[in-house]
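So this one's run.cif, mmCIF, C-alpha atoms; chains and numbers go by the auth columns:
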data_structure
loop_
_atom_site.group_PDB
_atom_site.id
_atom_site.type_symbol
_atom_site.label_atom_id
_atom_site.label_comp_id
_atom_site.label_asym_id
_atom_site.label_seq_id
_atom_site.Cartn_x
_atom_site.Cartn_y
_atom_site.Cartn_z
_atom_site.B_iso_or_equiv
_atom_site.auth_seq_id
_atom_site.auth_asym_id
ATOM 1 C CA MET A 1 71.164 -39.960 -14.307 0.00 330 T
ATOM 2 C CA THR A 2 67.552 -39.058 -13.586 0.00 331 T
ATOM 3 C CA ALA A 3 66.416 -35.580 -14.498 0.00 332 T
ATOM 4 C CA ARG A 4 65.713 -33.642 -11.362 0.00 333 T
ATOM 5 C CA THR A 5 65.425 -30.015 -10.515 0.00 334 T
ATOM 6 C CA PRO A 6 68.777 -28.575 -9.498 0.00 335 T
ATOM 7 C CA VAL A 7 69.055 -27.158 -5.994 0.00 336 T
ATOM 8 C CA ALA A 8 70.723 -23.898 -7.063 0.00 337 T
ATOM 9 C CA ARG A 9 71.882 -21.763 -9.961 0.00 338 T
ATOM 10 C CA PHE A 10 75.536 -21.048 -10.640 0.00 339 T
ATOM 11 C CA ARG A 11 76.526 -17.546 -9.547 0.00 340 T
ATOM 12 C CA THR A 12 80.273 -16.823 -9.207 0.00 341 T
ATOM 13 C CA VAL A 13 83.748 -18.354 -9.170 0.00 342 T
ATOM 14 C CA VAL A 14 85.507 -16.623 -6.269 0.00 343 T
ATOM 15 C CA VAL A 15 89.305 -16.448 -6.242 0.00 344 T
ATOM 16 C CA ASP A 16 91.222 -15.788 -3.010 0.00 345 T
ATOM 17 C CA CYS A 17 94.226 -13.491 -3.375 0.00 346 T
ATOM 18 C CA PRO A 18 96.217 -10.778 -1.575 0.00 347 T
ATOM 19 C CA ASP A 19 95.380 -7.952 -4.027 0.00 348 T
ATOM 20 C CA PRO A 20 91.939 -8.269 -5.657 0.00 349 T
ATOM 21 C CA ARG A 21 92.299 -5.247 -7.934 0.00 350 T
ATOM 22 C CA ALA A 22 95.641 -6.411 -9.330 0.00 351 T
ATOM 23 C CA LEU A 23 94.461 -9.979 -9.957 0.00 352 T
ATOM 24 C CA ALA A 24 91.178 -8.818 -11.510 0.00 353 T
ATOM 25 C CA ARG A 25 93.174 -6.565 -13.830 0.00 354 T
ATOM 26 C CA PHE A 26 95.319 -9.530 -14.864 0.00 355 T
ATOM 27 C CA TYR A 27 92.312 -11.735 -15.689 0.00 356 T
ATOM 28 C CA ALA A 28 90.537 -8.867 -17.473 0.00 357 T
ATOM 29 C CA ASP A 29 93.580 -8.515 -19.707 0.00 358 T
ATOM 30 C CA VAL A 30 93.598 -12.274 -20.360 0.00 359 T
ATOM 31 C CA VAL A 31 89.901 -13.114 -20.880 0.00 360 T
ATOM 32 C CA GLY A 32 88.270 -9.694 -21.292 0.00 361 T
ATOM 33 C CA GLY A 33 85.713 -7.732 -19.299 0.00 362 T
ATOM 34 C CA THR A 34 86.036 -4.711 -17.042 0.00 363 T
ATOM 35 C CA PRO A 35 86.634 -5.144 -13.297 0.00 364 T
ATOM 36 C CA ALA A 36 83.982 -3.532 -11.080 0.00 365 T
ATOM 37 C CA ASP A 37 86.388 -2.379 -8.411 0.00 366 T
ATOM 38 C CA GLU A 38 84.381 -0.076 -6.162 0.00 367 T
ATOM 39 C CA ASP A 39 85.042 -2.507 -3.287 0.00 368 T
ATOM 40 C CA PRO A 40 88.769 -3.235 -2.899 0.00 369 T
ATOM 41 C CA GLU A 41 87.976 -6.376 -0.844 0.00 370 T
ATOM 42 C CA TRP A 42 85.772 -7.982 -3.542 0.00 371 T
ATOM 43 C CA VAL A 43 86.336 -7.136 -7.192 0.00 372 T
ATOM 44 C CA VAL A 44 83.899 -8.608 -9.734 0.00 373 T
ATOM 45 C CA LEU A 45 84.781 -9.371 -13.359 0.00 374 T
ATOM 46 C CA TYR A 46 82.034 -10.380 -15.803 0.00 375 T
ATOM 47 C CA VAL A 47 83.874 -12.475 -18.388 0.00 376 T
ATOM 48 C CA PRO A 48 82.424 -12.130 -21.907 0.00 377 T
ATOM 49 C CA GLY A 49 81.049 -15.546 -22.858 0.00 378 T
ATOM 50 C CA GLY A 50 82.072 -16.861 -19.453 0.00 379 T
ATOM 51 C CA PRO A 51 81.116 -16.815 -15.795 0.00 380 T
ATOM 52 C CA ARG A 52 81.168 -14.053 -13.243 0.00 381 T
ATOM 53 C CA LEU A 53 84.551 -14.111 -11.484 0.00 382 T
ATOM 54 C CA ALA A 54 85.136 -12.388 -8.150 0.00 383 T
ATOM 55 C CA PHE A 55 88.485 -11.683 -6.498 0.00 384 T
ATOM 56 C CA GLN A 56 88.401 -11.723 -2.713 0.00 385 T
ATOM 57 C CA ARG A 57 91.109 -10.417 -0.417 0.00 386 T
ATOM 58 C CA ALA A 58 92.464 -13.185 1.833 0.00 387 T
ATOM 59 C CA PRO A 59 94.758 -11.763 4.543 0.00 388 T
ATOM 60 C CA GLY A 60 97.873 -13.893 5.036 0.00 389 T
ATOM 61 C CA TYR A 61 97.156 -15.644 1.755 0.00 390 T
ATOM 62 C CA SER A 62 99.519 -18.499 0.764 0.00 391 T
ATOM 63 C CA PRO A 63 99.539 -19.532 -2.894 0.00 392 T
ATOM 64 C CA PRO A 64 99.332 -23.194 -3.867 0.00 393 T
ATOM 65 C CA GLU A 65 102.477 -25.197 -4.518 0.00 394 T
ATOM 66 C CA TRP A 66 101.778 -26.873 -7.811 0.00 395 T
ATOM 67 C CA PRO A 67 101.810 -29.809 -8.463 0.00 396 T
ATOM 68 C CA ARG A 68 100.876 -30.962 -4.986 0.00 397 T
ATOM 69 C CA ALA A 69 97.736 -32.725 -3.919 0.00 398 T
ATOM 70 C CA ASP A 70 98.419 -32.550 -0.206 0.00 399 T
ATOM 71 C CA HIS A 71 99.105 -29.400 1.752 0.00 400 T
ATOM 72 C CA GLY A 72 99.387 -26.547 -0.747 0.00 401 T
ATOM 73 C CA SER A 73 96.912 -27.987 -3.282 0.00 402 T
ATOM 74 C CA GLN A 74 95.695 -25.728 -6.084 0.00 403 T
ATOM 75 C CA GLN A 75 92.188 -27.089 -5.218 0.00 404 T
ATOM 76 C CA PHE A 76 90.713 -25.412 -8.341 0.00 405 T
ATOM 77 C CA HIS A 77 92.118 -23.993 -11.567 0.00 406 T
ATOM 78 C CA LEU A 78 90.841 -22.202 -14.656 0.00 407 T
ATOM 79 C CA ASP A 79 91.237 -23.593 -18.180 0.00 408 T
ATOM 80 C CA LEU A 80 91.405 -20.932 -20.872 0.00 409 T
ATOM 81 C CA ASP A 81 90.967 -21.471 -24.615 0.00 410 T
ATOM 82 C CA ALA A 82 93.924 -19.911 -26.466 0.00 411 T
ATOM 83 C CA GLY A 83 92.871 -20.972 -30.010 0.00 412 T
ATOM 84 C CA SER A 84 93.230 -24.008 -32.243 0.00 413 T
ATOM 85 C CA THR A 85 96.856 -23.743 -33.430 0.00 414 T
ATOM 86 C CA ARG A 86 100.303 -23.951 -31.885 0.00 415 T
ATOM 87 C CA ALA A 87 100.976 -20.406 -33.165 0.00 416 T
ATOM 88 C CA GLU A 88 97.936 -19.070 -31.286 0.00 417 T
ATOM 89 C CA LEU A 89 99.066 -20.866 -28.148 0.00 418 T
ATOM 90 C CA ASP A 90 102.555 -19.373 -28.532 0.00 419 T
ATOM 91 C CA ALA A 91 101.109 -15.870 -28.968 0.00 420 T
ATOM 92 C CA ALA A 92 98.861 -16.268 -25.912 0.00 421 T
ATOM 93 C CA GLN A 93 101.821 -17.512 -23.881 0.00 422 T
ATOM 94 C CA GLU A 94 103.897 -14.477 -24.805 0.00 423 T
ATOM 95 C CA ALA A 95 101.012 -12.204 -23.826 0.00 424 T
ATOM 96 C CA VAL A 96 100.302 -13.803 -20.428 0.00 425 T
ATOM 97 C CA LEU A 97 103.998 -13.854 -19.519 0.00 426 T
ATOM 98 C CA ALA A 98 104.180 -10.141 -20.371 0.00 427 T
ATOM 99 C CA LEU A 99 101.258 -9.598 -17.957 0.00 428 T
ATOM 100 C CA GLY A 100 103.092 -11.254 -15.076 0.00 429 T
ATOM 101 C CA ALA A 101 102.162 -14.928 -15.360 0.00 430 T
ATOM 102 C CA ARG A 102 104.929 -17.466 -14.602 0.00 431 T
ATOM 103 C CA PRO A 103 105.546 -20.652 -16.564 0.00 432 T
ATOM 104 C CA LEU A 104 104.934 -23.855 -14.576 0.00 433 T
ATOM 105 C CA ASP A 105 104.878 -26.572 -17.254 0.00 434 T
ATOM 106 C CA LEU A 106 105.323 -25.689 -20.924 0.00 435 T
ATOM 107 C CA ASP A 107 106.177 -29.174 -22.214 0.00 436 T
ATOM 108 C CA ASP A 108 103.986 -29.885 -25.265 0.00 437 T
ATOM 109 C CA GLN A 109 105.313 -33.468 -25.345 0.00 438 T
ATOM 110 C CA ASP A 110 106.092 -33.163 -29.067 0.00 439 T
ATOM 111 C CA GLY A 111 102.635 -31.884 -29.862 0.00 440 T
ATOM 112 C CA GLN A 112 100.866 -34.682 -27.959 0.00 441 T
ATOM 113 C CA ARG A 113 99.686 -32.374 -25.202 0.00 442 T
ATOM 114 C CA ASP A 114 97.295 -29.569 -26.000 0.00 443 T
ATOM 115 C CA PHE A 115 97.781 -27.387 -22.921 0.00 444 T
ATOM 116 C CA ARG A 116 100.469 -25.531 -20.986 0.00 445 T
ATOM 117 C CA VAL A 117 100.411 -24.582 -17.309 0.00 446 T
ATOM 118 C CA TYR A 118 101.173 -21.151 -15.815 0.00 447 T
ATOM 119 C CA ALA A 119 100.760 -19.422 -12.466 0.00 448 T
ATOM 120 C CA ASP A 120 98.820 -16.176 -12.331 0.00 449 T
ATOM 121 C CA PRO A 121 100.410 -13.249 -10.420 0.00 450 T
ATOM 122 C CA ALA A 122 98.889 -14.521 -7.137 0.00 451 T
ATOM 123 C CA GLY A 123 100.237 -18.024 -7.788 0.00 452 T
ATOM 124 C CA HIS A 124 97.083 -19.872 -8.902 0.00 453 T
ATOM 125 C CA PRO A 125 97.810 -22.343 -11.684 0.00 454 T
ATOM 126 C CA PHE A 126 95.846 -21.872 -14.917 0.00 455 T
ATOM 127 C CA CYS A 127 96.101 -23.556 -18.324 0.00 456 T
ATOM 128 C CA LEU A 128 96.206 -22.165 -21.821 0.00 457 T
ATOM 129 C CA CYS A 129 94.597 -24.850 -23.964 0.00 458 T
ATOM 130 C CA ARG A 130 94.734 -25.492 -27.680 0.00 459 T
ATOM 131 C CA ILE A 131 91.188 -26.458 -28.613 0.00 460 T
ATOM 132 C CA GLU A 132 90.651 -28.260 -31.922 0.00 461 T
ATOM 133 C CA ARG A 133 87.770 -26.762 -33.881 0.00 462 T
ATOM 134 C CA PRO A 134 85.573 -29.274 -35.744 0.00 463 T
ATOM 135 C CA MET B 1 91.231 -7.925 -27.553 0.00 424 F
ATOM 136 C CA PRO B 2 91.433 -10.659 -24.903 0.00 425 F
ATOM 137 C CA ILE B 3 94.216 -13.230 -25.068 0.00 426 F
ATOM 138 C CA ALA B 4 92.020 -16.276 -24.450 0.00 427 F
ATOM 139 C CA LYS B 5 88.426 -17.421 -24.037 0.00 428 F
ATOM 140 C CA PHE B 6 87.134 -18.828 -20.796 0.00 429 F
ATOM 141 C CA GLY B 7 87.102 -22.647 -20.901 0.00 430 F
ATOM 142 C CA ALA B 8 86.306 -24.372 -17.626 0.00 431 F
ATOM 143 C CA VAL B 9 86.579 -24.247 -13.857 0.00 432 F
ATOM 144 C CA VAL B 10 88.474 -27.382 -12.823 0.00 433 F
ATOM 145 C CA LEU B 11 88.168 -28.875 -9.328 0.00 434 F
ATOM 146 C CA ASP B 12 90.793 -31.230 -7.906 0.00 435 F
ATOM 147 C CA CYS B 13 89.323 -34.110 -5.943 0.00 436 F
ATOM 148 C CA PRO B 14 89.937 -37.751 -5.024 0.00 437 F
ATOM 149 C CA ASP B 15 86.827 -39.123 -6.802 0.00 438 F
ATOM 150 C CA PRO B 16 85.717 -37.151 -9.889 0.00 439 F
ATOM 151 C CA GLY B 17 82.612 -39.300 -10.402 0.00 440 F
ATOM 152 C CA ALA B 18 81.329 -38.707 -6.899 0.00 441 F
ATOM 153 C CA LEU B 19 81.999 -34.972 -6.939 0.00 442 F
ATOM 154 C CA ALA B 20 80.521 -34.524 -10.427 0.00 443 F
ATOM 155 C CA ALA B 21 77.372 -36.311 -9.236 0.00 444 F
ATOM 156 C CA PHE B 22 77.129 -33.887 -6.300 0.00 445 F
ATOM 157 C CA TYR B 23 77.487 -30.776 -8.471 0.00 446 F
ATOM 158 C CA SER B 24 75.150 -32.207 -11.085 0.00 447 F
ATOM 159 C CA ALA B 25 72.466 -32.595 -8.425 0.00 448 F
ATOM 160 C CA LEU B 26 73.263 -29.119 -7.065 0.00 449 F
ATOM 161 C CA LEU B 27 73.419 -27.180 -10.324 0.00 450 F
ATOM 162 C CA GLY B 28 72.089 -29.424 -13.114 0.00 451 F
ATOM 163 C CA GLY B 29 73.782 -30.788 -16.223 0.00 452 F
ATOM 164 C CA THR B 30 74.938 -34.306 -17.091 0.00 453 F
ATOM 165 C CA PRO B 31 78.494 -35.426 -16.270 0.00 454 F
ATOM 166 C CA GLU B 32 80.546 -36.425 -19.340 0.00 455 F
ATOM 167 C CA VAL B 33 83.315 -38.866 -18.416 0.00 456 F
ATOM 168 C CA GLU B 34 86.742 -38.840 -20.091 0.00 457 F
ATOM 169 C CA GLU B 35 89.190 -41.122 -18.261 0.00 458 F
ATOM 170 C CA ASP B 36 90.364 -39.250 -15.125 0.00 459 F
ATOM 171 C CA TRP B 37 88.452 -36.125 -16.066 0.00 460 F
ATOM 172 C CA ILE B 38 84.734 -35.332 -16.022 0.00 461 F
ATOM 173 C CA ASP B 39 83.089 -32.327 -17.677 0.00 462 F
ATOM 174 C CA LEU B 40 79.809 -30.960 -16.353 0.00 463 F
ATOM 175 C CA ARG B 41 78.333 -28.308 -18.651 0.00 464 F
ATOM 176 C CA LEU B 42 76.060 -26.259 -16.433 0.00 465 F
ATOM 177 C CA PRO B 43 72.735 -25.235 -17.940 0.00 466 F
ATOM 178 C CA ASP B 44 73.119 -21.793 -16.412 0.00 467 F
ATOM 179 C CA GLY B 45 76.857 -21.255 -16.146 0.00 468 F
ATOM 180 C CA PRO B 46 80.306 -22.381 -17.206 0.00 469 F
ATOM 181 C CA THR B 47 81.663 -25.887 -17.618 0.00 470 F
ATOM 182 C CA LEU B 48 82.847 -27.367 -14.338 0.00 471 F
ATOM 183 C CA ALA B 49 85.440 -30.115 -14.663 0.00 472 F
ATOM 184 C CA PHE B 50 86.529 -32.665 -12.057 0.00 473 F
ATOM 185 C CA GLN B 51 90.090 -33.920 -12.090 0.00 474 F
ATOM 186 C CA ALA B 52 91.430 -36.816 -10.054 0.00 475 F
ATOM 187 C CA ALA B 53 94.185 -35.623 -7.737 0.00 476 F
ATOM 188 C CA PRO B 54 95.667 -38.697 -6.030 0.00 477 F
ATOM 189 C CA GLY B 55 96.393 -37.944 -2.374 0.00 478 F
ATOM 190 C CA HIS B 56 94.141 -34.875 -2.452 0.00 479 F
ATOM 191 C CA VAL B 57 93.903 -33.070 0.881 0.00 480 F
ATOM 192 C CA PRO B 58 90.954 -30.687 1.186 0.00 481 F
ATOM 193 C CA PRO B 59 91.425 -27.096 2.315 0.00 482 F
ATOM 194 C CA LYS B 60 90.905 -26.070 5.933 0.00 483 F
ATOM 195 C CA TRP B 61 88.452 -23.245 5.910 0.00 484 F
ATOM 196 C CA PRO B 62 88.977 -20.527 7.004 0.00 485 F
ATOM 197 C CA SER B 63 92.765 -20.814 6.930 0.00 486 F
ATOM 198 C CA PRO B 64 95.048 -18.802 4.664 0.00 487 F
ATOM 199 C CA ASP B 65 97.807 -21.400 4.757 0.00 488 F
ATOM 200 C CA ALA B 66 95.622 -24.383 3.828 0.00 489 F
ATOM 201 C CA SER B 67 93.705 -22.054 1.579 0.00 490 F
ATOM 202 C CA GLN B 68 90.487 -22.875 -0.235 0.00 491 F
ATOM 203 C CA GLN B 69 92.144 -20.892 -3.102 0.00 492 F
ATOM 204 C CA PHE B 70 88.808 -20.711 -5.010 0.00 493 F
ATOM 205 C CA HIS B 71 85.180 -21.279 -4.149 0.00 494 F
ATOM 206 C CA LEU B 72 81.826 -21.322 -5.935 0.00 495 F
ATOM 207 C CA ASP B 73 78.873 -19.110 -5.072 0.00 496 F
ATOM 208 C CA VAL B 74 75.496 -20.487 -6.066 0.00 497 F
ATOM 209 C CA THR B 75 72.093 -18.824 -5.872 0.00 498 F
ATOM 210 C CA VAL B 76 68.954 -20.311 -4.333 0.00 499 F
ATOM 211 C CA ALA B 77 65.409 -19.070 -3.812 0.00 500 F
ATOM 212 C CA ASP B 78 65.197 -20.345 -0.222 0.00 501 F
ATOM 213 C CA LEU B 79 68.227 -20.967 1.978 0.00 502 F
ATOM 214 C CA ASP B 80 66.493 -23.346 4.407 0.00 503 F
ATOM 215 C CA THR B 81 65.136 -25.587 1.651 0.00 504 F
ATOM 216 C CA ALA B 82 68.437 -25.612 -0.240 0.00 505 F
ATOM 217 C CA GLU B 83 70.353 -26.345 2.951 0.00 506 F
ATOM 218 C CA ARG B 84 68.297 -29.482 3.605 0.00 507 F
ATOM 219 C CA GLU B 85 68.908 -30.592 0.027 0.00 508 F
ATOM 220 C CA VAL B 86 72.677 -30.032 -0.021 0.00 509 F
ATOM 221 C CA LEU B 87 73.141 -31.734 3.357 0.00 510 F
ATOM 222 C CA ALA B 88 71.186 -34.723 2.022 0.00 511 F
ATOM 223 C CA LEU B 89 73.575 -34.779 -0.968 0.00 512 F
ATOM 224 C CA GLY B 90 76.607 -35.001 1.323 0.00 513 F
ATOM 225 C CA ALA B 91 77.595 -31.376 1.934 0.00 514 F
ATOM 226 C CA LYS B 92 78.764 -30.373 5.424 0.00 515 F
ATOM 227 C CA PRO B 93 77.967 -27.101 7.188 0.00 516 F
ATOM 228 C CA LEU B 94 80.945 -24.789 7.720 0.00 517 F
ATOM 229 C CA GLU B 95 79.355 -21.484 8.715 0.00 518 F
ATOM 230 C CA THR B 96 75.601 -21.585 8.914 0.00 519 F
ATOM 231 C CA GLU B 97 74.803 -20.277 12.399 0.00 520 F
ATOM 232 C CA ASP B 98 73.691 -16.813 11.288 0.00 521 F
ATOM 233 C CA ARG B 99 70.273 -17.607 9.881 0.00 522 F
ATOM 234 C CA ALA B 100 69.569 -13.948 9.013 0.00 523 F
ATOM 235 C CA ARG B 101 72.557 -13.567 6.722 0.00 524 F
ATOM 236 C CA SER B 102 72.078 -13.708 2.948 0.00 525 F
ATOM 237 C CA PHE B 103 74.570 -16.560 2.509 0.00 526 F
ATOM 238 C CA ARG B 104 75.738 -19.717 4.292 0.00 527 F
ATOM 239 C CA VAL B 105 78.979 -21.667 3.838 0.00 528 F
ATOM 240 C CA TYR B 106 79.226 -25.431 3.295 0.00 529 F
ATOM 241 C CA ALA B 107 81.881 -27.930 2.210 0.00 530 F
ATOM 242 C CA ASP B 108 81.218 -30.141 -0.804 0.00 531 F
ATOM 243 C CA PRO B 109 81.869 -33.895 -0.383 0.00 532 F
ATOM 244 C CA ALA B 110 85.557 -33.400 -1.325 0.00 533 F
ATOM 245 C CA GLY B 111 85.878 -30.578 1.228 0.00 534 F
ATOM 246 C CA HIS B 112 85.835 -27.492 -1.035 0.00 535 F
ATOM 247 C CA PRO B 113 83.882 -24.630 0.528 0.00 536 F
ATOM 248 C CA PHE B 114 80.919 -23.233 -1.413 0.00 537 F
ATOM 249 C CA CYS B 115 78.227 -20.710 -0.545 0.00 538 F
ATOM 250 C CA LEU B 116 74.483 -20.857 -0.889 0.00 539 F
ATOM 251 C CA CYS B 117 73.385 -17.280 -1.563 0.00 540 F
ATOM 252 C CA ALA B 118 69.802 -16.032 -1.301 0.00 541 F
ATOM 253 C CA SER B 119 68.526 -14.694 -4.616 0.00 542 F
#
Can you give me the file's structure in the form of structure tokens?
Amino acid sequence: MTARTPVARFRTVVVDCPDPRALARFYADVVGGTPADEDPEWVVLYVPGGPRLAFQRAPGYSPPEWPRADHGSQQFHLDLDAGSTRAELDAAQEAVLALGARPLDLDDQDGQRDFRVYADPAGHPFCLCRIERP
Amino acid sequence: MPIAKFGAVVLDCPDPGALAAFYSALLGGTPEVEEDWIDLRLPDGPTLAFQAAPGHVPPKWPSPDASQQFHLDVTVADLDTAEREVLALGAKPLETEDRARSFRVYADPAGHPFCLCAS
């Protein structure tokens, strides 16, 4: 790939949802940061060590139906690093479920698979991943 | 104490190589291929990842029931210049008529909406 000047700089990952404040609160509890919620239609969350997330109200919002690639596709999802051990993954799972996440696919395949899939309170799939540290 | 650290933003698409090449040209970085999955570590942002989704149907924007679900906002110095460049890379205009507004909406080559925002 030839080095060329990029067209743009990354700014924000914007998440559609019915209740921006509630979903921003959920992600703040999961990945940190403090929601800037002066505008109830567009709530920004600066993730420590991560990107700027924004939660945008989408009237009539329908959540994705995972796993589907056709109508009802997740389109995007967020991968989150829950630590390097099974115990850390278990602890993170307990915490996200307590915050209102729903399990979608928790099958570790006898330790072969290093992630589990959940839905956030608005229904967007996200993964908790076990990341091996060198 | 947060529960997890941010890892990546993952985009479903029919052709990860093609979409990673688009976002690499848009935002920089070098795609790293791993089977059906491509990582693109942005020089100025998070890791974007591209995942093959067989039978992928793009969102219909704006439509809450074929929802975009997520989109990316990216910042440019000049909207007109950046627009020419993204259209040449295969983006399609979705809402660009208002030339005075500080952002314009396009679809990437897999059909995901994204915004060019004036810095």
Point to revise | Nearest candidate to Arg462 of chain T (options T:Gly412, T:Pro369, T:Gly389, T:Pro380; using all atoms listed in the file) | key: T:Gly412
Practice item. Specify as a ChimeraX atom specification all residues of chain T found within 8 Å of chain F, counting all atoms listed in the file. Key: /T:330,333-346,357-361,376,378-380,387-393,398-412,421,424-425,453,457
Revision key, fill the gap. Counting all atoms listed in the file, the residue among F:Leu463, F:Asp503, F:Glu455, F:Trp484 that lies closest to Arg527 of chain F is F:Asp503
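Every protein, DNA or RNA residue with an atom at most 10 Å from segment 363-368 of chain T, where only C-alpha atoms count and chain neighbours fewer than 4 positions away do not, is listed here: Pro349, Arg350, Ala351, Leu352, Ala353, Arg354, Phe355, Tyr356, Ala357, Asp358, Val372, Val373, Leu374, Tyr375, Val376, Pro377, Leu382, Ala383, Phe384 and Gln385 of chain T.
Take atom CA of Arg386 of chain T and atom CA of Glu370 of chain T: the distance between them is 5.1 Å.
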Would you give the centre and edge lengths, in Å to one decimal, of a box along x, y and z around the listed atoms of segment 397-405 of chain T, with 8 Å added to each side, as AutoDock Vina command-line options?
--center_x 95.8 --center_y -29.1 --center_z -3.3 --size_x 26.2 --size_y 23.3 --size_z 26.1
Revision key, fill the gap. Of F:Pro516, F:Trp460, F:Leu510, F:Pro532, the one nearest to Phe445 of chain F when counting all atoms listed in the file is F:Pro532
Exercise for review: Enter the distance from atom CA of Val446 of chain T to atom CA of Arg397 of chain T, in Å, rounded to one decimal.
Suggested key: 13.9 Å
